[in-house]
$ cat structure06.cif   # mmCIF, C-alpha atoms
data_query
loop_
_atom_site.group_PDB
_atom_site.id
_atom_site.type_symbol
_atom_site.label_atom_id
_atom_site.label_comp_id
_atom_site.auth_asym_id
_atom_site.auth_seq_id
_atom_site.Cartn_x
_atom_site.Cartn_y
_atom_site.Cartn_z
ATOM 1 C CA MET A 1 20.445 21.758 6.982
ATOM 2 C CA THR A 2 23.780 20.556 8.347
ATOM 3 C CA GLU A 3 22.052 19.033 11.365
ATOM 4 C CA TYR A 4 19.581 17.190 9.138
ATOM 5 C CA MET A 5 22.392 15.818 7.000
ATOM 6 C CA LYS A 6 24.290 14.779 10.117
ATOM 7 C CA LEU A 7 21.186 12.990 11.400
ATOM 8 C CA PHE A 8 20.798 11.296 8.024
ATOM 9 C CA TRP A 9 24.347 9.953 7.903
ATOM 10 C CA MET A 10 24.270 8.894 11.551
ATOM 11 C CA ASN A 11 21.338 6.600 10.714
ATOM 12 C CA ILE A 12 22.307 5.547 7.200
ATOM 13 C CA SER A 13 22.577 1.867 8.222
ATOM 14 C CA GLU A 14 18.852 1.860 8.910
ATOM 15 C CA ILE A 15 17.768 4.360 6.278
ATOM 16 C CA ARG A 16 19.233 2.320 3.420
ATOM 17 C CA TRP A 17 16.680 -0.399 4.192
ATOM 18 C CA ILE A 18 13.955 1.966 2.981
ATOM 19 C CA LEU A 19 15.072 1.001 -0.525
ATOM 20 C CA ILE A 20 13.034 -2.170 -0.116
ATOM 21 C CA LEU A 21 9.912 -0.037 -0.689
ATOM 22 C CA PRO A 22 10.667 0.745 -4.360
ATOM 23 C CA PHE A 23 12.153 -2.750 -4.756
ATOM 24 C CA PHE A 24 8.883 -4.454 -3.837
ATOM 25 C CA ALA A 25 6.938 -1.843 -5.814
ATOM 26 C CA VAL A 26 8.822 -2.898 -8.946
ATOM 27 C CA ILE A 27 8.057 -6.570 -8.263
ATOM 28 C CA TYR A 28 4.381 -5.700 -7.817
ATOM 29 C CA GLY A 29 4.417 -3.946 -11.174
ATOM 30 C CA LEU A 30 5.862 -7.040 -12.840
ATOM 31 C CA LEU A 31 3.201 -9.258 -11.278
ATOM 32 C CA ASN A 32 0.286 -7.001 -12.196
ATOM 33 C CA ARG A 33 -0.793 -8.983 -15.249
ATOM 34 C CA THR A 34 -2.462 -12.304 -15.946
ATOM 35 C CA TRP A 35 -0.531 -15.474 -15.172
ATOM 36 C CA PHE A 36 -0.674 -19.106 -16.340
ATOM 37 C CA ASN A 37 -3.463 -18.273 -18.815
ATOM 38 C CA LYS A 38 -5.961 -18.555 -15.972
ATOM 39 C CA LYS A 39 -9.052 -16.421 -15.755
ATOM 40 C CA PRO A 40 -8.731 -14.214 -12.633
ATOM 41 C CA TYR A 41 -11.269 -14.523 -9.842
ATOM 42 C CA ILE A 42 -13.769 -11.692 -9.399
ATOM 43 C CA TRP A 43 -14.688 -11.127 -5.762
ATOM 44 C CA GLU A 44 -17.122 -8.276 -6.164
ATOM 45 C CA LEU A 45 -19.912 -8.095 -3.583
ATOM 46 C CA PRO A 46 -23.338 -6.413 -3.909
ATOM 47 C CA ILE A 47 -22.121 -3.591 -1.654
ATOM 48 C CA ASP A 48 -19.411 -2.719 -4.189
ATOM 49 C CA ARG A 49 -22.070 -1.660 -6.710
ATOM 50 C CA LYS A 50 -23.567 0.673 -4.096
ATOM 51 C CA ILE A 51 -20.323 2.523 -3.361
ATOM 52 C CA PRO A 52 -20.021 5.457 -5.768
ATOM 53 C CA VAL A 53 -16.774 6.434 -7.426
ATOM 54 C CA ILE A 54 -15.526 9.675 -5.856
ATOM 55 C CA PRO A 55 -12.825 10.967 -8.221
ATOM 56 C CA TRP A 56 -11.255 13.574 -5.905
ATOM 57 C CA THR A 57 -10.299 10.862 -3.400
ATOM 58 C CA VAL A 58 -7.585 9.829 -5.847
ATOM 59 C CA TYR A 59 -5.493 12.665 -4.364
ATOM 60 C CA ILE A 60 -5.550 10.951 -0.965
ATOM 61 C CA TYR A 61 -5.021 7.568 -2.612
ATOM 62 C CA HIS A 62 -1.734 8.742 -4.131
ATOM 63 C CA THR A 63 -0.314 10.033 -0.832
ATOM 64 C CA TRP A 64 0.128 6.402 0.231
ATOM 65 C CA PHE A 65 3.693 5.813 -0.965
ATOM 66 C CA PRO A 66 5.161 9.188 0.162
ATOM 67 C CA LEU A 67 3.590 8.824 3.619
ATOM 68 C CA MET A 68 4.922 5.294 3.916
ATOM 69 C CA ILE A 69 8.445 6.538 3.150
ATOM 70 C CA VAL A 70 8.086 9.280 5.778
ATOM 71 C CA VAL A 71 6.982 6.781 8.427
ATOM 72 C CA PHE A 72 9.821 4.388 7.623
ATOM 73 C CA TYR A 73 12.333 7.254 7.641
ATOM 74 C CA ILE A 74 11.223 8.689 10.978
ATOM 75 C CA MET A 75 11.057 5.251 12.555
ATOM 76 C CA ALA A 76 14.584 4.499 11.307
ATOM 77 C CA ILE A 77 15.860 7.509 13.231
ATOM 78 C CA PHE A 78 13.790 7.465 16.415
ATOM 79 C CA ASN A 79 12.913 3.814 17.090
ATOM 80 C CA LYS A 80 15.282 1.333 15.511
ATOM 81 C CA PRO A 81 13.838 -1.873 17.060
ATOM 82 C CA VAL A 82 10.362 -1.077 15.756
ATOM 83 C CA PHE A 83 11.857 0.030 12.439
ATOM 84 C CA TYR A 84 13.502 -3.355 11.879
ATOM 85 C CA HIS A 85 10.305 -5.105 12.925
ATOM 86 C CA LEU A 86 8.452 -2.921 10.411
ATOM 87 C CA VAL A 87 10.928 -3.777 7.639
ATOM 88 C CA ARG A 88 10.669 -7.511 8.301
ATOM 89 C CA ALA A 89 6.873 -7.499 8.560
ATOM 90 C CA TYR A 90 6.593 -5.459 5.361
ATOM 91 C CA SER A 91 8.930 -7.841 3.529
ATOM 92 C CA LEU A 92 7.210 -11.005 4.742
ATOM 93 C CA GLY A 93 3.750 -9.659 4.020
ATOM 94 C CA SER A 94 4.747 -8.492 0.550
ATOM 95 C CA VAL A 95 6.023 -11.967 -0.330
ATOM 96 C CA LEU A 96 2.800 -13.540 0.966
ATOM 97 C CA CYS A 97 0.734 -11.092 -1.101
ATOM 98 C CA PHE A 98 2.794 -11.835 -4.199
ATOM 99 C CA LEU A 99 2.174 -15.567 -3.779
ATOM 100 C CA VAL A 100 -1.574 -14.891 -3.754
ATOM 101 C CA PHE A 101 -1.216 -12.726 -6.846
ATOM 102 C CA LEU A 102 0.559 -15.551 -8.647
ATOM 103 C CA PHE A 103 -1.668 -18.484 -7.742
ATOM 104 C CA PHE A 104 -5.042 -16.989 -6.785
ATOM 105 C CA GLN A 105 -5.103 -13.907 -8.956
ATOM 106 C CA ASN A 106 -8.207 -11.777 -8.981
ATOM 107 C CA GLU A 107 -9.503 -8.939 -11.118
ATOM 108 C CA VAL A 108 -11.153 -5.726 -9.963
ATOM 109 C CA PRO A 109 -14.210 -4.926 -12.130
ATOM 110 C CA ARG A 110 -14.193 -1.429 -13.587
ATOM 111 C CA HIS A 111 -17.742 -0.615 -14.553
ATOM 112 C CA ASP A 112 -17.382 3.161 -14.755
ATOM 113 C CA ARG A 113 -15.632 4.882 -17.654
ATOM 114 C CA LEU A 114 -14.770 8.033 -15.692
ATOM 115 C CA GLU A 115 -15.961 10.199 -18.535
ATOM 116 C CA GLY A 116 -16.111 13.946 -18.155
ATOM 117 C CA PRO A 117 -13.792 16.857 -17.380
ATOM 118 C CA GLY A 118 -11.825 17.535 -14.226
ATOM 119 C CA PHE A 119 -8.258 16.936 -13.118
ATOM 120 C CA ALA A 120 -9.270 14.302 -10.550
ATOM 121 C CA ARG A 121 -11.032 12.222 -13.193
ATOM 122 C CA SER A 122 -8.071 12.664 -15.515
ATOM 123 C CA LEU A 123 -5.646 11.558 -12.796
ATOM 124 C CA LEU A 124 -7.770 8.530 -11.991
ATOM 125 C CA ARG A 125 -7.957 7.582 -15.665
ATOM 126 C CA SER A 126 -4.162 7.865 -15.882
ATOM 127 C CA THR A 127 -3.816 5.746 -12.747
ATOM 128 C CA ARG A 128 -5.847 3.006 -14.357
ATOM 129 C CA LEU A 129 -3.767 3.157 -17.519
ATOM 130 C CA VAL A 130 -0.602 2.264 -15.607
ATOM 131 C CA ASP A 131 -2.201 0.041 -12.948
ATOM 132 C CA ASN A 132 -3.840 -3.042 -14.413
ATOM 133 C CA PRO A 133 -7.029 -4.254 -12.688
ATOM 134 C CA TYR A 134 -5.383 -7.381 -11.287
ATOM 135 C CA ASN A 135 -3.976 -8.273 -7.876
ATOM 136 C CA GLY A 136 -6.718 -6.627 -5.866
ATOM 137 C CA PHE A 137 -6.816 -9.155 -3.035
ATOM 138 C CA PRO A 138 -5.182 -8.518 -0.679
ATOM 139 C CA SER A 139 -4.892 -4.796 -1.319
ATOM 140 C CA ILE A 140 -1.246 -3.718 -1.207
ATOM 141 C CA HIS A 141 -2.405 -0.216 -0.269
ATOM 142 C CA VAL A 142 -4.321 -1.628 2.691
ATOM 143 C CA PHE A 143 -1.631 -4.128 3.685
ATOM 144 C CA THR A 144 1.177 -1.561 3.773
ATOM 145 C CA SER A 145 -1.002 1.095 5.410
ATOM 146 C CA SER A 146 -1.977 -1.378 8.138
ATOM 147 C CA VAL A 147 1.632 -2.420 8.732
ATOM 148 C CA CYS A 148 2.593 1.244 9.072
ATOM 149 C CA VAL A 149 -0.275 1.798 11.524
ATOM 150 C CA ALA A 150 1.007 -1.116 13.616
ATOM 151 C CA GLY A 151 4.492 0.394 13.539
ATOM 152 C CA LEU A 152 3.191 3.819 14.522
ATOM 153 C CA ILE A 153 1.212 2.425 17.454
ATOM 154 C CA ALA A 154 4.247 0.478 18.666
ATOM 155 C CA GLY A 155 6.735 3.227 17.881
ATOM 156 C CA GLY A 156 6.137 5.650 20.727
ATOM 157 C CA LEU A 157 6.642 8.672 18.476
ATOM 158 C CA ASN A 158 5.118 12.133 18.883
ATOM 159 C CA PRO A 159 1.421 11.544 19.741
ATOM 160 C CA ILE A 160 0.140 14.197 17.330
ATOM 161 C CA PHE A 161 2.237 12.859 14.448
ATOM 162 C CA THR A 162 1.117 9.323 15.272
ATOM 163 C CA ALA A 163 -2.587 10.225 15.460
ATOM 164 C CA VAL A 164 -2.563 12.270 12.242
ATOM 165 C CA SER A 165 -0.627 9.576 10.376
ATOM 166 C CA VAL A 166 -2.911 6.769 11.565
ATOM 167 C CA LEU A 167 -6.024 8.730 10.582
ATOM 168 C CA TRP A 168 -4.524 9.528 7.187
ATOM 169 C CA PHE A 169 -3.698 5.867 6.561
ATOM 170 C CA ILE A 170 -7.321 5.023 7.407
ATOM 171 C CA LEU A 171 -8.435 7.572 4.801
ATOM 172 C CA ILE A 172 -6.082 5.976 2.275
ATOM 173 C CA ILE A 173 -7.651 2.587 2.985
ATOM 174 C CA ILE A 174 -11.128 4.033 2.391
ATOM 175 C CA THR A 175 -10.055 5.548 -0.933
ATOM 176 C CA THR A 176 -9.173 2.114 -2.303
ATOM 177 C CA VAL A 177 -12.901 1.559 -2.821
ATOM 178 C CA THR A 178 -14.020 5.143 -3.533
ATOM 179 C CA THR A 179 -11.573 5.220 -6.458
ATOM 180 C CA LYS A 180 -12.742 1.734 -7.478
ATOM 181 C CA GLN A 181 -9.167 0.504 -7.476
ATOM 182 C CA HIS A 182 -10.320 -2.282 -5.175
ATOM 183 C CA VAL A 183 -13.443 -4.075 -4.026
ATOM 184 C CA VAL A 184 -14.564 -4.205 -0.406
ATOM 185 C CA ILE A 185 -13.203 -7.681 0.341
ATOM 186 C CA ASP A 186 -9.687 -6.474 -0.526
ATOM 187 C CA ILE A 187 -9.695 -4.301 2.624
ATOM 188 C CA PRO A 188 -10.075 -7.034 5.276
ATOM 189 C CA GLY A 189 -7.688 -9.101 3.165
ATOM 190 C CA GLY A 190 -4.999 -6.432 3.393
ATOM 191 C CA ILE A 191 -5.553 -5.941 7.131
ATOM 192 C CA LEU A 192 -5.391 -9.707 7.711
ATOM 193 C CA PHE A 193 -2.092 -10.072 5.850
ATOM 194 C CA ALA A 194 -0.662 -7.129 7.799
ATOM 195 C CA ALA A 195 -1.700 -8.658 11.114
ATOM 196 C CA ILE A 196 -0.290 -12.077 10.207
ATOM 197 C CA SER A 197 3.021 -10.556 9.062
ATOM 198 C CA TRP A 198 3.340 -8.267 12.092
ATOM 199 C CA PHE A 199 2.728 -11.010 14.654
ATOM 200 C CA LEU A 200 4.783 -13.679 12.876
ATOM 201 C CA ILE A 201 7.901 -11.508 13.081
ATOM 202 C CA LYS A 202 9.709 -11.896 16.379
#
$ encode --input "structure06.cif" --output "structure tokens"
Amino acid sequence: MTEYMKLFWMNISEIRWILILPFFAVIYGLLNRTWFNKKPYIWELPIDRKIPVIPWTVYIYHTWFPLMIVVFYIMAIFNKPVFYHLVRAYSLGSVLCFLVFLFFQNEVPRHDRLEGPGFARSLLRSTRLVDNPYNGFPSIHVFTSSVCVAGLIAGGLNPIFTAVSVLWFILIIITTVTTKQHVVIDIPGGILFAAISWFLIK
């Protein structure tokens, strides 16, 4: 434990930047409502009606934020240049997403009532109670997952950790539509914003 604490304090200058994750999460929460009395856009496609809701995937969906913290933390210790690139790309992309949420807000249709027993259904119902159906495009889950994938690929970390993390982030992206928290078009939107942010940062 002493070695872990020593490692923590040796890298505190980088690790403190991880606080931007909850900071931007709070801003997202404040923006997740209607603005300017405008009716939000609905960008549902025919394929969205064909994708069934799979309640148990909400467990994977909720691993997004903890995994993101782990990736930022490990990168802060083992690859500082990529870590700072990751921080800047995440910050820029978040601001760009927030601008879309403000001026081109969209709403995610929720056709299913998630009736019935089961902890997964209950958890998904609770998720929807605290997460309004706005600000779907671009998906923040997809944007941040994609930025982390870019950081992992560039980071040169342990290959097994990198592969498992990348695959898990891909699963998280898939769950954005199997939980019906997003529509399909939100996925390429999130990936696009991640790519733009990653390559704009020098």
$ atom_distance --input "structure06.cif" --atom1 "CA of Tyr41 in chain A" --atom2 "CA of Glu107 in chain A"
6.0 Å
$ residues_around --input "structure06.cif" --residues "range 185-199 of chain A" --least-positions-apart "3" --cutoff "6 Å" --atoms "all atoms listed in the file" --output "PyMOL selection string"
chain A and resi 89+93+137-139+142-143+146-147
$ residues_near_point --input "structure06.cif" --point "(9.7, -8.1, 12.9)" --cutoff "6 Å" --atoms "all atoms listed in the file" --output "JSON, numbers by chain"
{"A": [85, 86, 88, 89, 201, 202]}
$ closest_residue --input "structure06.cif" --among "A:Asn106, A:Asp112, A:Arg33, A:Gly136" --to "Pro52 in chain A" --atoms "only C-alpha atoms"
A:Asp112
$ residues_around --input "structure06.cif" --residues "Asp48 in chain A" --least-positions-apart "4" --cutoff "8 Å" --atoms "only C-alpha atoms" --output "number ranges by chain"
A: 44, 177, 183-184
$ resolve_selection --input "structure06.cif" --expression "the PyMOL selection byres ((chain A and resi 148) around 9)" --output "list in words"
Met68, Val71, Phe72, Leu86, Tyr90, Phe143, Thr144, Ser145, Ser146, Val147, Val149, Ala150, Gly151, Leu152, Ile153, Val166 and Phe169 of chain A
$ write_last_selection --input "structure06.cif" --atoms "C-alpha atoms" --output "short mmCIF file (atom, residue, chain, number, x, y, z; two decimals), in the coordinates of the input"
data_model
loop_
_atom_site.label_atom_id
_atom_site.label_comp_id
_atom_site.auth_asym_id
_atom_site.auth_seq_id
_atom_site.Cartn_x
_atom_site.Cartn_y
_atom_site.Cartn_z
CA MET A 68 4.92 5.29 3.92
CA VAL A 71 6.98 6.78 8.43
CA PHE A 72 9.82 4.39 7.62
CA LEU A 86 8.45 -2.92 10.41
CA TYR A 90 6.59 -5.46 5.36
CA PHE A 143 -1.63 -4.13 3.68
CA THR A 144 1.18 -1.56 3.77
CA SER A 145 -1.00 1.10 5.41
CA SER A 146 -1.98 -1.38 8.14
CA VAL A 147 1.63 -2.42 8.73
CA VAL A 149 -0.28 1.80 11.52
CA ALA A 150 1.01 -1.12 13.62
CA GLY A 151 4.49 0.39 13.54
CA LEU A 152 3.19 3.82 14.52
CA ILE A 153 1.21 2.42 17.45
CA VAL A 166 -2.91 6.77 11.56
CA PHE A 169 -3.70 5.87 6.56
#
$ atom_distance --input "structure06.cif" --atom1 "CA of His182 in chain A" --atom2 "CA of Arg110 in chain A"
9.3 Å
$ residues_around --input "structure06.cif" --residues "Val53 in chain A" --least-positions-apart "5" --cutoff "12 Å" --atoms "only C-alpha atoms" --output "list of chain:residue names"
A:Asp48, A:Val58, A:Arg110, A:His111, A:Asp112, A:Arg113, A:Leu114, A:Glu115, A:Ala120, A:Arg121, A:Leu124, A:Ile174, A:Thr175, A:Thr176, A:Val177, A:Thr178, A:Thr179, A:Lys180, A:Gln181, A:His182, A:Val183
$ atom_distance --input "structure06.cif" --atom1 "CA of Phe101 in chain A" --atom2 "CA of Leu31 in chain A"
7.2 Å
$ axis_aligned_box --input "structure06.cif" --around "range 154-163 of chain A" --padding-each-side "8 Å" --output "JSON"
{"center_x": 2.1, "center_y": 7.3, "center_z": 17.6, "size_x": 25.3, "size_y": 29.7, "size_z": 22.3}
$ closest_residue --input "structure06.cif" --among "A:Pro159, A:Pro55, A:Pro66, A:Leu102" --to "Gly118 in chain A" --atoms "all atoms listed in the file"
A:Pro55
$ residues_around --input "structure06.cif" --residues "Trp35 in chain A" --least-positions-apart "3" --cutoff "12 Å" --atoms "all atoms listed in the file" --output "PyMOL selection string"
chain A and resi 30-32+38-40+99-107+134-135
$ closest_residue --input "structure06.cif" --among "A:Tyr73, A:Tyr28, A:Phe36, A:Phe65" --to "Val95 in chain A" --atoms "all atoms listed in the file"
A:Tyr28
$ decode --input "structure06.cif" --residues "range 110-135 of chain A" --atoms "N, CA and C atoms" --output "PDB file, in the first residue's frame"
ATOM      1  N   ARG A 110     -38.442   7.469 -26.181  1.00  0.00           N
ATOM      2  CA  ARG A 110     -38.500   6.327 -25.263  1.00  0.00           C
ATOM      3  C   ARG A 110     -39.867   5.683 -25.390  1.00  0.00           C
ATOM      4  N   HIS A 111     -39.945   4.720 -26.292  1.00  0.00           N
ATOM      5  CA  HIS A 111     -41.219   4.081 -26.587  1.00  0.00           C
ATOM      6  C   HIS A 111     -41.589   3.018 -25.553  1.00  0.00           C
ATOM      7  N   ASP A 112     -40.583   2.362 -24.999  1.00  0.00           N
ATOM      8  CA  ASP A 112     -40.841   1.258 -24.075  1.00  0.00           C
ATOM      9  C   ASP A 112     -40.980   1.776 -22.651  1.00  0.00           C
ATOM     10  N   ARG A 113     -41.837   1.131 -21.882  1.00  0.00           N
ATOM     11  CA  ARG A 113     -42.081   1.543 -20.497  1.00  0.00           C
ATOM     12  C   ARG A 113     -41.249   0.748 -19.495  1.00  0.00           C
ATOM     13  N   LEU A 114     -40.548  -0.254 -19.966  1.00  0.00           N
ATOM     14  CA  LEU A 114     -39.700  -1.090 -19.113  1.00  0.00           C
ATOM     15  C   LEU A 114     -40.486  -1.691 -17.952  1.00  0.00           C
ATOM     16  N   GLU A 115     -41.688  -2.110 -18.239  1.00  0.00           N
ATOM     17  CA  GLU A 115     -42.510  -2.708 -17.195  1.00  0.00           C
ATOM     18  C   GLU A 115     -42.023  -4.123 -16.900  1.00  0.00           C
ATOM     19  N   GLY A 116     -42.299  -4.574 -15.699  1.00  0.00           N
ATOM     20  CA  GLY A 116     -41.945  -5.929 -15.321  1.00  0.00           C
ATOM     21  C   GLY A 116     -40.890  -5.965 -14.235  1.00  0.00           C
ATOM     22  N   PRO A 117     -40.701  -7.144 -13.633  1.00  0.00           N
ATOM     23  CA  PRO A 117     -39.739  -7.295 -12.542  1.00  0.00           C
ATOM     24  C   PRO A 117     -38.312  -7.422 -13.055  1.00  0.00           C
ATOM     25  N   GLY A 118     -37.386  -7.476 -12.124  1.00  0.00           N
ATOM     26  CA  GLY A 118     -35.979  -7.666 -12.477  1.00  0.00           C
ATOM     27  C   GLY A 118     -35.155  -6.456 -12.102  1.00  0.00           C
ATOM     28  N   PHE A 119     -33.968  -6.724 -11.538  1.00  0.00           N
ATOM     29  CA  PHE A 119     -33.114  -5.623 -11.090  1.00  0.00           C
ATOM     30  C   PHE A 119     -32.613  -4.780 -12.259  1.00  0.00           C
ATOM     31  N   ALA A 120     -32.313  -5.439 -13.388  1.00  0.00           N
ATOM     32  CA  ALA A 120     -31.813  -4.697 -14.555  1.00  0.00           C
ATOM     33  C   ALA A 120     -32.852  -3.697 -15.038  1.00  0.00           C
ATOM     34  N   ARG A 121     -34.091  -4.133 -15.137  1.00  0.00           N
ATOM     35  CA  ARG A 121     -35.164  -3.217 -15.555  1.00  0.00           C
ATOM     36  C   ARG A 121     -35.324  -2.086 -14.546  1.00  0.00           C
ATOM     37  N   SER A 122     -35.243  -2.435 -13.274  1.00  0.00           N
ATOM     38  CA  SER A 122     -35.363  -1.419 -12.226  1.00  0.00           C
ATOM     39  C   SER A 122     -34.235  -0.395 -12.323  1.00  0.00           C
ATOM     40  N   LEU A 123     -33.006  -0.885 -12.552  1.00  0.00           N
ATOM     41  CA  LEU A 123     -31.863   0.013 -12.677  1.00  0.00           C
ATOM     42  C   LEU A 123     -31.997   0.911 -13.902  1.00  0.00           C
ATOM     43  N   LEU A 124     -32.496   0.358 -14.988  1.00  0.00           N
ATOM     44  CA  LEU A 124     -32.672   1.153 -16.195  1.00  0.00           C
ATOM     45  C   LEU A 124     -33.770   2.195 -16.015  1.00  0.00           C
ATOM     46  N   ARG A 125     -34.827   1.824 -15.309  1.00  0.00           N
ATOM     47  CA  ARG A 125     -35.879   2.806 -15.009  1.00  0.00           C
ATOM     48  C   ARG A 125     -35.323   3.936 -14.160  1.00  0.00           C
ATOM     49  N   SER A 126     -34.506   3.583 -13.160  1.00  0.00           N
ATOM     50  CA  SER A 126     -33.894   4.605 -12.299  1.00  0.00           C
ATOM     51  C   SER A 126     -32.947   5.500 -13.095  1.00  0.00           C
ATOM     52  N   THR A 127     -32.224   4.892 -14.028  1.00  0.00           N
ATOM     53  CA  THR A 127     -31.316   5.668 -14.880  1.00  0.00           C
ATOM     54  C   THR A 127     -32.087   6.715 -15.661  1.00  0.00           C
ATOM     55  N   ARG A 128     -33.232   6.339 -16.162  1.00  0.00           N
ATOM     56  CA  ARG A 128     -34.030   7.267 -16.954  1.00  0.00           C
ATOM     57  C   ARG A 128     -34.672   8.356 -16.096  1.00  0.00           C
ATOM     58  N   LEU A 129     -34.874   8.061 -14.831  1.00  0.00           N
ATOM     59  CA  LEU A 129     -35.441   9.070 -13.936  1.00  0.00           C
ATOM     60  C   LEU A 129     -34.462  10.219 -13.703  1.00  0.00           C
ATOM     61  N   VAL A 130     -33.175   9.900 -13.662  1.00  0.00           N
ATOM     62  CA  VAL A 130     -32.168  10.927 -13.382  1.00  0.00           C
ATOM     63  C   VAL A 130     -31.504  11.461 -14.656  1.00  0.00           C
ATOM     64  N   ASP A 131     -31.710  10.777 -15.775  1.00  0.00           N
ATOM     65  CA  ASP A 131     -31.086  11.192 -17.032  1.00  0.00           C
ATOM     66  C   ASP A 131     -32.181  11.523 -18.032  1.00  0.00           C
ATOM     67  N   ASN A 132     -32.445  12.806 -18.204  1.00  0.00           N
ATOM     68  CA  ASN A 132     -33.491  13.234 -19.125  1.00  0.00           C
ATOM     69  C   ASN A 132     -33.177  12.787 -20.552  1.00  0.00           C
ATOM     70  N   PRO A 133     -34.197  12.657 -21.398  1.00  0.00           N
ATOM     71  CA  PRO A 133     -33.980  12.101 -22.744  1.00  0.00           C
ATOM     72  C   PRO A 133     -33.457  13.111 -23.760  1.00  0.00           C
ATOM     73  N   TYR A 134     -32.717  14.110 -23.286  1.00  0.00           N
ATOM     74  CA  TYR A 134     -32.184  15.120 -24.197  1.00  0.00           C
ATOM     75  C   TYR A 134     -30.685  14.896 -24.408  1.00  0.00           C
ATOM     76  N   ASN A 135     -30.120  15.681 -25.303  1.00  0.00           N
ATOM     77  CA  ASN A 135     -28.671  15.664 -25.528  1.00  0.00           C
ATOM     78  C   ASN A 135     -28.163  14.286 -25.922  1.00  0.00           C
TER      79      ASN A 135
END
